[in-house]
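Shown next: run12.txt, containing compact mmCIF, C-alpha atoms.
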```txt
# COMPACT_ATOMS: atom_id res chain seq x y z
CA MET A 1321 80.45 57.37 46.80
CA THR A 1322 82.96 59.69 48.39
CA ALA A 1323 83.32 60.24 52.08
CA THR A 1324 82.16 63.81 51.64
CA ALA A 1325 78.86 63.00 49.90
CA ASN A 1326 76.03 64.97 51.45
CA ILE A 1327 73.28 62.37 51.75
CA GLU A 1328 70.07 62.96 53.66
CA PRO A 1329 69.04 60.51 56.39
CA VAL A 1330 65.82 59.83 54.47
CA THR A 1331 64.94 56.44 53.04
CA GLY A 1332 62.59 56.08 50.08
CA ARG A 1333 60.94 52.71 49.37
CA TYR A 1334 57.99 51.24 47.51
CA LEU A 1335 55.09 49.52 49.19
CA HIS A 1336 52.83 47.07 47.38
CA LEU A 1337 49.32 46.75 48.72
CA ASP A 1338 45.73 46.39 47.59
CA LEU A 1339 43.41 49.37 47.77
CA GLU A 1340 39.77 48.84 46.90
CA GLY A 1341 40.71 45.36 45.72
CA ARG A 1342 43.28 46.60 43.22
CA PRO A 1343 47.03 46.24 43.48
CA HIS A 1344 48.97 49.46 43.98
CA ARG A 1345 52.64 50.43 44.05
CA LEU A 1346 53.12 53.30 46.47
CA TYR A 1347 56.20 55.34 47.21
CA PHE A 1348 56.96 56.50 50.72
CA GLU A 1349 59.84 58.15 52.51
CA GLU A 1350 60.75 57.89 56.14
CA ALA A 1351 63.29 59.02 58.68
CA GLY A 1352 63.67 58.79 62.42
CA GLU A 1353 62.56 56.44 65.15
CA GLY A 1354 59.84 56.53 67.74
CA ILE A 1355 56.21 57.60 67.50
CA PRO A 1356 54.97 57.08 63.94
CA LEU A 1357 54.06 60.42 62.31
CA LEU A 1358 52.15 59.75 59.10
CA CYS A 1359 52.19 62.81 56.85
CA LEU A 1360 49.51 63.53 54.24
CA HIS A 1361 50.33 65.88 51.38
CA THR A 1362 48.06 68.47 49.76
CA ALA A 1363 45.91 68.08 46.64
CA GLY A 1364 47.88 67.65 43.45
CA ALA A 1365 51.25 67.43 45.22
CA ASP A 1366 53.31 64.68 46.82
CA GLY A 1367 55.33 63.70 49.88
CA ARG A 1368 58.23 66.00 49.01
CA GLN A 1369 56.29 68.70 50.83
CA PHE A 1370 57.54 67.10 54.06
CA ARG A 1371 61.22 67.10 53.05
CA ALA A 1372 62.20 69.47 55.86
CA LEU A 1373 60.43 67.45 58.56
CA LEU A 1374 62.16 64.30 57.37
CA ASN A 1375 65.47 66.12 57.75
CA ASP A 1376 64.77 67.76 61.09
CA PRO A 1377 66.81 65.94 63.78
CA GLU A 1378 64.79 67.53 66.54
CA ILE A 1379 61.70 65.82 65.14
CA THR A 1380 63.21 62.53 63.99
CA ALA A 1381 64.79 62.01 67.43
CA ASP A 1382 61.35 61.15 68.81
CA TYR A 1383 59.27 60.48 65.74
CA ARG A 1384 59.36 58.06 62.83
CA VAL A 1385 58.29 60.50 60.12
CA ILE A 1386 56.61 58.82 57.15
CA ALA A 1387 55.39 60.63 54.04
CA PHE A 1388 53.75 58.65 51.26
CA ASP A 1389 52.71 59.71 47.79
CA MET A 1390 49.04 58.99 47.22
CA PRO A 1391 48.22 56.75 44.23
CA TRP A 1392 48.53 58.80 41.00
CA HIS A 1393 50.81 61.29 42.80
CA GLY A 1394 54.58 61.77 42.94
CA LYS A 1395 56.42 58.49 42.45
CA SER A 1396 53.40 56.30 43.23
CA SER A 1397 51.81 54.68 40.21
CA PRO A 1398 48.21 54.90 39.20
CA PRO A 1399 46.50 51.51 39.25
CA VAL A 1400 46.53 49.33 36.13
CA GLY A 1401 43.84 50.53 33.75
CA TRP A 1402 44.22 54.20 34.74
CA GLU A 1403 44.23 55.27 31.09
CA ARG A 1404 40.52 54.57 30.85
CA GLU A 1405 39.30 56.19 34.04
CA ASP A 1406 38.94 59.60 35.65
CA TYR A 1407 40.76 60.01 38.92
CA GLN A 1408 38.57 61.24 41.76
CA LEU A 1409 39.37 61.31 45.44
CA THR A 1410 36.55 60.56 47.87
CA THR A 1411 36.25 60.44 51.65
CA GLU A 1412 35.93 56.65 51.61
CA ARG A 1413 38.85 56.14 49.25
CA TYR A 1414 41.12 58.54 51.16
CA THR A 1415 40.24 57.14 54.59
CA GLY A 1416 40.67 53.55 53.42
CA MET A 1417 44.06 54.36 51.91
CA ILE A 1418 45.39 55.91 55.12
CA LEU A 1419 44.21 53.01 57.29
CA ALA A 1420 45.55 50.42 54.83
CA ILE A 1421 48.96 52.05 54.58
CA SER A 1422 49.16 52.47 58.33
CA GLU A 1423 48.34 48.79 58.80
CA ALA A 1424 50.67 47.59 56.04
CA LEU A 1425 53.58 49.47 57.62
CA GLY A 1426 52.68 48.10 61.04
CA LEU A 1427 52.21 51.53 62.59
CA ASP A 1428 50.96 51.32 66.15
CA LYS A 1429 48.57 54.19 66.80
CA PRO A 1430 50.36 56.73 64.63
CA VAL A 1431 49.95 60.46 64.71
CA ALA A 1432 48.43 61.49 61.38
CA MET A 1433 49.19 64.99 60.14
CA GLY A 1434 47.59 66.17 56.91
CA CYS A 1435 47.53 69.45 55.04
CA SER A 1436 44.62 70.91 53.06
CA ILE A 1437 42.84 67.81 51.72
CA GLY A 1438 44.94 66.06 54.37
CA GLY A 1439 43.69 68.55 56.93
CA ARG A 1440 40.15 67.75 55.86
CA ILE A 1441 40.56 63.97 56.05
CA VAL A 1442 42.11 64.32 59.49
CA LEU A 1443 38.74 65.70 60.64
CA ASN A 1444 37.05 62.62 59.17
CA LEU A 1445 39.58 60.36 60.90
CA ALA A 1446 38.85 62.14 64.18
CA TRP A 1447 35.16 61.46 63.65
CA ALA A 1448 35.27 57.91 62.28
CA HIS A 1449 38.47 56.31 63.61
CA PRO A 1450 39.77 58.14 66.70
CA GLU A 1451 40.82 54.84 68.31
CA ARG A 1452 43.31 54.19 65.54
CA PHE A 1453 45.41 57.29 66.19
CA ARG A 1454 47.48 58.67 69.03
CA ALA A 1455 46.74 62.22 67.91
CA LEU A 1456 45.67 64.05 64.79
CA ILE A 1457 47.11 67.26 63.38
CA GLY A 1458 45.18 69.19 60.76
CA LEU A 1459 47.13 71.76 58.76
CA GLN A 1460 44.88 74.19 56.90
CA SER A 1461 41.87 72.28 58.16
CA ALA A 1462 38.40 73.36 57.14
CA ALA A 1463 35.20 71.38 57.34
CA TYR A 1464 34.11 72.69 53.98
CA VAL A 1465 35.17 75.29 51.44
CA GLU A 1466 32.64 76.58 48.97
CA ARG A 1467 33.64 76.29 45.33
CA TYR A 1468 34.84 79.72 44.22
CA TYR A 1469 36.73 78.84 41.06
CA ASP A 1470 36.34 76.27 38.31
CA ALA A 1471 38.93 73.51 38.74
CA GLY A 1472 38.09 72.35 35.22
CA TRP A 1473 40.70 74.81 33.93
CA LEU A 1474 43.39 72.73 35.61
CA ASN A 1475 42.75 69.88 33.18
CA HIS A 1476 41.88 71.51 29.88
CA PRO A 1477 43.45 70.85 26.47
CA GLU A 1478 43.93 74.56 25.80
CA VAL A 1479 45.67 75.19 29.12
CA HIS A 1480 49.00 73.69 30.17
CA GLY A 1481 48.03 71.76 33.27
CA GLY A 1482 51.43 72.00 34.93
CA GLU A 1483 51.60 75.76 34.39
CA ALA A 1484 48.04 76.31 35.59
CA CYS A 1485 48.39 74.11 38.68
CA GLY A 1486 51.67 75.84 39.50
CA ALA A 1487 50.13 79.27 39.06
CA LEU A 1488 47.23 78.36 41.31
CA ALA A 1489 49.54 77.01 44.02
CA TYR A 1490 51.75 80.11 43.71
CA GLY A 1491 48.94 82.28 44.99
CA LEU A 1492 48.29 80.04 47.96
CA VAL A 1493 51.84 80.52 49.20
CA SER A 1494 52.40 83.39 51.61
CA PRO A 1495 54.19 86.41 50.13
CA LEU A 1496 56.44 86.24 53.20
CA SER A 1497 57.70 82.70 52.52
CA PRO A 1498 61.32 82.28 51.39
CA GLU A 1499 61.71 82.33 47.60
CA ALA A 1500 63.50 78.98 47.35
CA HIS A 1501 60.82 77.08 49.26
CA LYS A 1502 58.02 79.00 47.53
CA TRP A 1503 59.22 77.93 44.10
CA GLU A 1504 60.01 74.37 45.19
CA THR A 1505 56.40 74.14 46.35
CA VAL A 1506 55.16 75.50 43.01
CA TRP A 1507 57.41 73.02 41.17
CA HIS A 1508 55.71 70.06 42.85
CA TYR A 1509 52.41 71.34 41.51
CA MET A 1510 53.82 71.78 38.04
CA GLN A 1511 54.77 68.09 38.06
CA GLY A 1512 51.35 66.62 38.86
CA GLY A 1513 49.70 64.26 36.38
CA PRO A 1514 46.88 65.56 34.19
CA GLY A 1515 43.61 65.87 36.07
CA ILE A 1516 45.06 64.81 39.42
CA PHE A 1517 44.84 68.16 41.23
CA GLN A 1518 41.31 68.50 39.85
CA GLY A 1519 40.47 64.96 40.99
CA ASP A 1520 41.66 65.76 44.52
CA LEU A 1521 39.64 68.97 44.50
CA PHE A 1522 36.51 66.88 43.89
CA PHE A 1523 36.99 65.70 47.47
CA TYR A 1524 37.97 69.15 48.73
CA GLN A 1525 35.34 71.26 46.99
CA ILE A 1526 32.42 68.89 46.58
CA GLU A 1527 32.31 65.43 48.16
CA GLY A 1528 34.32 65.78 51.37
CA ASP A 1529 32.03 68.06 53.34
CA VAL A 1530 32.38 67.10 57.03
CA ARG A 1531 30.27 69.88 58.55
CA ASP A 1532 27.64 67.41 59.72
CA LYS A 1533 30.19 65.11 61.31
CA ILE A 1534 32.55 67.34 63.22
CA THR A 1535 30.13 68.21 66.01
CA ASP A 1536 30.34 64.53 67.00
CA ILE A 1537 34.11 64.43 67.21
CA ASP A 1538 35.25 63.33 70.66
CA THR A 1539 38.71 64.74 71.29
CA SER A 1540 38.95 62.81 74.57
CA LYS A 1541 39.40 59.70 72.42
CA CYS A 1542 42.06 61.31 70.27
CA PRO A 1543 43.53 64.81 70.64
CA LEU A 1544 43.02 67.07 67.64
CA TYR A 1545 45.39 69.91 66.85
CA MET A 1546 44.80 72.44 64.10
CA LEU A 1547 47.43 74.75 62.64
CA THR A 1548 46.43 77.24 59.95
CA GLY A 1549 48.54 79.76 58.06
CA GLU A 1550 47.15 83.29 58.09
CA TYR A 1551 47.77 83.85 54.35
CA ASP A 1552 45.74 80.83 53.29
CA TYR A 1553 42.59 81.91 51.49
CA SER A 1554 41.53 78.38 50.55
CA ALA A 1555 41.33 77.02 54.08
CA SER A 1556 41.50 80.39 55.77
CA PRO A 1557 41.91 81.06 59.49
CA ALA A 1558 38.19 81.95 59.50
CA ASP A 1559 37.36 78.54 58.00
CA SER A 1560 39.51 76.74 60.58
CA GLU A 1561 38.04 78.82 63.39
CA ALA A 1562 34.54 77.90 62.23
CA ALA A 1563 35.45 74.22 62.31
CA ALA A 1564 37.27 74.41 65.64
CA ALA A 1565 34.31 76.19 67.21
CA LEU A 1566 32.21 73.10 66.53
CA ILE A 1567 34.71 70.60 67.96
CA PRO A 1568 35.02 70.66 71.75
CA GLY A 1569 38.67 70.30 72.73
CA ALA A 1570 40.16 71.05 69.31
CA LYS A 1571 43.29 73.15 69.70
CA LEU A 1572 43.66 75.68 66.89
CA THR A 1573 46.62 77.98 66.36
CA VAL A 1574 46.81 80.50 63.53
CA MET A 1575 50.34 80.62 62.13
CA LYS A 1576 51.54 84.16 61.44
CA GLY A 1577 52.93 84.81 57.99
CA LEU A 1578 52.37 81.30 56.65
CA GLY A 1579 50.25 80.20 53.72
CA HIS A 1580 48.52 77.05 52.50
CA PHE A 1581 51.63 74.81 52.46
CA PRO A 1582 53.38 75.59 55.77
CA MET A 1583 55.67 72.53 55.90
CA SER A 1584 56.86 73.10 52.35
CA GLU A 1585 56.78 76.87 51.76
CA ASN A 1586 58.38 77.90 55.03
CA PRO A 1587 59.80 74.97 57.02
CA ASP A 1588 61.57 77.17 59.57
CA GLY A 1589 58.47 79.22 60.25
CA PHE A 1590 56.31 76.11 60.48
CA ARG A 1591 58.47 74.17 62.92
CA GLU A 1592 58.07 76.92 65.52
CA TYR A 1593 54.39 75.98 65.64
CA LEU A 1594 54.77 72.23 65.11
CA LEU A 1595 57.46 71.47 67.69
CA PRO A 1596 55.32 72.41 70.74
CA VAL A 1597 52.50 70.24 69.39
CA LEU A 1598 54.80 67.27 68.86
CA LYS A 1599 56.26 67.77 72.33
CA GLU A 1600 52.80 67.79 73.89
CA ILE A 1601 51.86 64.60 72.07
CA ARG A 1602 55.10 62.90 73.07
CA ASP A 1603 54.81 63.97 76.70
CA ALA A 1604 51.24 62.65 76.86
CA GLY A 1605 52.75 59.20 76.33
CA MET B 694 50.51 102.64 39.87
CA ILE B 695 49.06 101.35 36.63
CA GLU B 696 50.62 104.21 34.67
CA ARG B 697 54.00 102.55 35.07
CA LEU B 698 52.83 98.98 34.52
CA ALA B 699 54.15 98.73 30.94
CA GLU B 700 57.59 99.88 31.96
CA LEU B 701 57.68 97.53 34.96
CA VAL B 702 56.69 94.52 32.87
CA ASN B 703 58.83 95.28 29.84
CA ASP B 704 61.93 95.81 32.00
CA ASP B 705 61.52 92.31 33.44
CA ALA B 706 63.11 90.07 30.82
CA TRP B 707 62.15 86.89 32.67
CA LEU B 708 58.50 87.91 32.85
CA VAL B 709 58.44 88.93 29.19
CA LYS B 710 59.92 85.57 28.28
CA ARG B 711 57.34 83.79 30.38
CA GLY B 712 54.62 85.54 28.34
CA ARG B 713 56.31 85.32 24.96
CA LEU B 714 53.49 83.30 23.39
CA LEU B 715 50.76 85.63 24.62
CA ASN B 716 49.17 88.11 22.25
CA VAL B 717 46.00 89.57 23.70
CA THR B 718 44.18 92.73 24.68
CA PHE B 719 42.71 92.49 28.14
CA ALA B 720 41.06 94.98 30.46
CA ILE B 721 42.08 95.93 33.98
CA GLY B 722 39.07 97.55 35.58
CA ILE B 723 39.66 100.02 38.42
CA ASP B 724 36.36 101.24 39.76
CA GLU B 725 34.49 102.37 36.64
CA THR B 726 37.57 102.90 34.48
CA ASP B 727 38.88 100.25 32.11
CA TYR B 728 42.52 100.17 31.14
CA LEU B 729 43.02 98.16 27.95
CA VAL B 730 46.35 96.36 28.09
CA ARG B 731 47.68 95.23 24.72
CA VAL B 732 50.23 92.45 25.12
CA ILE B 733 52.39 91.49 22.15
CA ASP B 734 54.79 88.57 22.58
CA GLY B 735 54.77 89.07 26.35
CA ARG B 736 55.54 92.79 26.21
CA ILE B 737 52.99 95.47 26.99
CA ALA B 738 52.74 97.45 23.78
CA GLU B 739 50.16 99.90 25.05
CA ILE B 740 47.83 100.69 27.92
CA GLU B 741 44.81 102.81 27.01
CA LYS B 742 42.73 104.41 29.70
CA GLY B 743 38.96 104.45 29.20
CA PRO B 744 36.26 105.39 28.60
CA HIS B 745 36.32 103.39 25.39
CA VAL B 746 33.79 103.34 22.60
CA MET B 747 33.01 99.98 21.05
CA ARG B 748 36.37 98.46 21.91
CA SER B 749 36.89 94.73 22.12
CA TRP B 750 38.92 92.93 24.72
CA THR B 751 39.42 89.21 25.32
CA PHE B 752 39.17 89.05 29.09
CA ALA B 753 38.81 91.52 31.92
CA VAL B 754 39.82 91.61 35.59
CA ARG B 755 37.89 94.18 37.56
CA ALA B 756 38.06 95.38 41.13
CA SER B 757 37.58 98.56 43.10
CA ALA B 758 40.34 101.15 43.41
CA GLN B 759 40.49 100.35 47.12
CA THR B 760 40.98 96.64 46.43
CA TRP B 761 43.74 97.27 43.89
CA ALA B 762 45.45 99.71 46.28
CA THR B 763 45.54 97.02 48.95
CA PHE B 764 46.62 94.37 46.42
CA TRP B 765 49.48 96.64 45.34
CA GLN B 766 50.93 97.17 48.81
CA ALA B 767 54.54 95.94 49.01
CA VAL B 768 53.39 93.11 51.28
CA PRO B 769 49.62 92.86 50.95
CA PRO B 770 47.63 91.64 53.95
CA PRO B 771 46.14 88.12 53.93
CA GLY B 772 43.32 87.80 51.42
CA PHE B 773 44.75 90.53 49.18
CA HIS B 774 47.98 88.91 47.97
CA ASP B 775 46.59 86.98 45.00
CA ILE B 776 43.80 87.50 42.46
CA PHE B 777 42.26 84.17 43.47
CA ALA B 778 42.28 85.33 47.07
CA LEU B 779 40.29 88.36 45.86
CA LEU B 780 38.01 86.00 43.97
CA ARG B 781 37.24 84.04 47.12
CA LYS B 782 36.39 87.34 48.84
CA ARG B 783 34.30 88.33 45.80
CA LEU B 784 36.33 91.49 45.40
CA ILE B 785 37.36 90.81 41.81
CA ALA B 786 35.54 89.72 38.67
CA PHE B 787 37.01 87.68 35.82
CA GLU B 788 35.04 88.25 32.62
CA GLY B 789 35.16 87.30 28.96
CA ASP B 790 37.17 84.49 27.40
CA LEU B 791 39.21 83.15 30.29
CA GLN B 792 41.19 80.63 28.24
CA PRO B 793 44.14 82.96 27.47
CA MET B 794 44.20 84.09 31.09
CA MET B 795 44.21 80.55 32.46
CA ALA B 796 46.78 79.43 29.88
CA HIS B 797 49.10 82.23 31.04
CA LEU B 798 47.95 82.46 34.63
CA LEU B 799 51.33 82.82 36.29
CA TYR B 800 52.32 85.54 33.80
CA ILE B 801 49.05 87.41 34.40
CA LYS B 802 49.39 87.09 38.17
CA LEU B 803 52.97 88.37 38.12
CA LEU B 804 52.06 91.17 35.71
CA LEU B 805 49.17 92.33 37.89
CA ALA B 806 51.38 92.24 40.99
CA LYS B 807 54.17 94.31 39.38
CA PRO B 808 53.08 97.67 40.89
CA ARG B 809 54.06 96.25 44.30
CA GLU B 810 57.64 96.99 43.31
CA LEU B 811 56.80 100.69 43.33
CA ALA B 812 55.38 100.41 46.83
CA ALA B 813 58.48 98.58 48.01
CA ALA B 814 60.86 101.12 46.51
```

Serialized structure, structure tokens:
Amino acid sequence: MTATANIEPVTGRYLHLDLEGRPHRLYFEEAGEGIPLLCLHTAGADGRQFRALLNDPEITADYRVIAFDMPWHGKSSPPVGWEREDYQLTTERYTGMILAISEALGLDKPVAMGCSIGGRIVLNLAWAHPERFRALIGLQSAAYVERYYDAGWLNHPEVHGGEACGALAYGLVSPLSPEAHKWETVWHYMQGGPGIFQGDLFFYQIEGDVRDKITDIDTSKCPLYMLTGEYDYSASPADSEAAAALIPGAKLTVMKGLGHFPMSENPDGFREYLLPVLKEIRDAG
Amino acid sequence: MIERLAELVNDDAWLVKRGRLLNVTFAIGIDETDYLVRVIDGRIAEIEKGPHVMRSWTFAVRASAQTWATFWQAVPPPGFHDIFALLRKRLIAFEGDLQPMMAHLLYIKLLLAKPRELAAA
């Protein structure tokens, strides 16, 4: 190593823990010290989406930013025996994973911030486990999105899954996002394992409907922030507004010019919206 | 806009390369008019304006002239920047054998968005 090496202040490690009674090897990255900020990536992607946050000194000065790859995603392994099962994300599985990882890492009332499927599960966390979190931040949060395309094409022997997943993600990026970050975001999608994006969409499109729950969310127990990019047509501003209207105290901001992957497709644009939220959470003590 | 689509696509070497394994005739529907786009090795060999009599195509993407005009703005407004955004709004129809379209989805998306370059110019 030379003295001039440009190395990020991000540490990547592997965590071993049991989920649903099965051993898992999970990859996570972290940077910073202070309030734990647990970041949840979108369907079919991985923790690299939070690379800019992990490298943002203004954030890591007060927050311990942690981004893990869900099982089957990124550098996390699927469980032993994966070759004979179909991956499907469910509300129970997703919630259990977040609580287990938070506990295993010893996080004391973290802030959880999730995007898309992560934005959905944040609503479930607000409903089911508000006492476990200091605050919750939903990016591209919707209580439900009706199925408008067939995700089966994303895992089809006559379609290259990486190309198809990348092409789908491409459209969800705002046309105003910088080219480099747009294509980095698409690249993550092109690298997903076969059937994984589709398996996450089972939760997003079918199983993870929280419309019946969100009216019971008590934001006095745990503040809920929602940030939604205006170019997102999957969890659109209208979808987020519909959810926020049913949750007393939810604070929704529509982010101008941003798409479905704000933290990854346009980090500079996103931080303008995120920093005030993080400051408010920090100042609340 | 669509009159110059072949030229726009064929002048983009990277896009042609991306579609090099695609050989298909597909239809772009604008209001009631079908334009049959014949793609050979990623290049647009021909675009034929309808009406057509007993012509076959593999897949079709159809929307109103107003929708396409908005889609082809240099920077389209939210909801009009991607064909799947139009699908969610039910402003576009995908018909026929969708396998070649889904197998070359990024190519098809970039091809269909090409007229935006004329708006930007």

Counting all atoms listed in the file, what is within 9 Å of Leu708 of chain B, bar same-chain residues fewer than 2 positions away, as a list of chain:residue names? B:Val702, B:Asn703, B:Asp704, B:Asp705, B:Ala706, B:Lys710, B:Arg711, B:Gly712, B:Arg713, B:Gly735, B:Arg736, B:Tyr800, B:Leu803, B:Leu804

At a cut-off of 9 Å, can you tabulate as JSON lines every residue of chain B near chain A together with its closest atom pair and the distance in Å to one decimal, using all atoms listed in the file and ordering rows by chain then number?
```
{"residue": "B:Val768", "atom": "CA", "partner": "A:Pro1495", "partner_atom": "CA", "distance": 6.8}
{"residue": "B:Pro769", "atom": "CA", "partner": "A:Pro1495", "partner_atom": "CA", "distance": 7.9}
{"residue": "B:Pro770", "atom": "CA", "partner": "A:Tyr1551", "partner_atom": "CA", "distance": 7.8}
{"residue": "B:Pro771", "atom": "CA", "partner": "A:Tyr1551", "partner_atom": "CA", "distance": 4.6}
{"residue": "B:Gly772", "atom": "CA", "partner": "A:Tyr1553", "partner_atom": "CA", "distance": 5.9}
{"residue": "B:Phe773", "atom": "CA", "partner": "A:Tyr1551", "partner_atom": "CA", "distance": 9.0}
{"residue": "B:His774", "atom": "CA", "partner": "A:Pro1495", "partner_atom": "CA", "distance": 7.0}
{"residue": "B:Asp775", "atom": "CA", "partner": "A:Gly1491", "partner_atom": "CA", "distance": 5.3}
{"residue": "B:Ile776", "atom": "CA", "partner": "A:Gly1491", "partner_atom": "CA", "distance": 7.8}
{"residue": "B:Phe777", "atom": "CA", "partner": "A:Gly1491", "partner_atom": "CA", "distance": 7.1}
{"residue": "B:Ala778", "atom": "CA", "partner": "A:Tyr1553", "partner_atom": "CA", "distance": 5.6}
{"residue": "B:Leu779", "atom": "CA", "partner": "A:Tyr1553", "partner_atom": "CA", "distance": 8.9}
{"residue": "B:Leu780", "atom": "CA", "partner": "A:Tyr1468", "partner_atom": "CA", "distance": 7.0}
{"residue": "B:Arg781", "atom": "CA", "partner": "A:Tyr1468", "partner_atom": "CA", "distance": 5.7}
{"residue": "B:Lys782", "atom": "CA", "partner": "A:Tyr1553", "partner_atom": "CA", "distance": 8.7}
{"residue": "B:Arg783", "atom": "CA", "partner": "A:Tyr1468", "partner_atom": "CA", "distance": 8.8}
{"residue": "B:Gln792", "atom": "CA", "partner": "A:Glu1478", "partner_atom": "CA", "distance": 7.1}
{"residue": "B:Pro793", "atom": "CA", "partner": "A:Val1479", "partner_atom": "CA", "distance": 8.1}
{"residue": "B:Met795", "atom": "CA", "partner": "A:Val1479", "partner_atom": "CA", "distance": 6.5}
{"residue": "B:Ala796", "atom": "CA", "partner": "A:Val1479", "partner_atom": "CA", "distance": 4.4}
{"residue": "B:His797", "atom": "CA", "partner": "A:Ala1484", "partner_atom": "CA", "distance": 7.5}
{"residue": "B:Leu798", "atom": "CA", "partner": "A:Ala1487", "partner_atom": "CA", "distance": 5.9}
{"residue": "B:Leu799", "atom": "CA", "partner": "A:Ala1487", "partner_atom": "CA", "distance": 4.7}
{"residue": "B:Tyr800", "atom": "CA", "partner": "A:Ala1487", "partner_atom": "CA", "distance": 8.5}
{"residue": "B:Lys802", "atom": "CA", "partner": "A:Ala1487", "partner_atom": "CA", "distance": 7.9}
```

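Residue nearest Thr1362 of chain A within the list A:Gly1472, A:Pro1514, A:Gly1401, A:Gly1394: A:Gly1394 [criterion: smallest interatomic distance, all atoms listed in the file].
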
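Candidate residues A:Pro1498, A:Gln1460, A:Leu1445, A:Gly1589 were compared for distance to Glu1561 of chain A, and the nearest is A:Gln1460, using all atoms listed in the file.
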
Close residues, Asp1382 of chain A itself excluded, 6 Å, only C-alpha atoms, min 2 positions apart in chain, as a PyMOL selection string: chain A and resi 1354+1379-1380
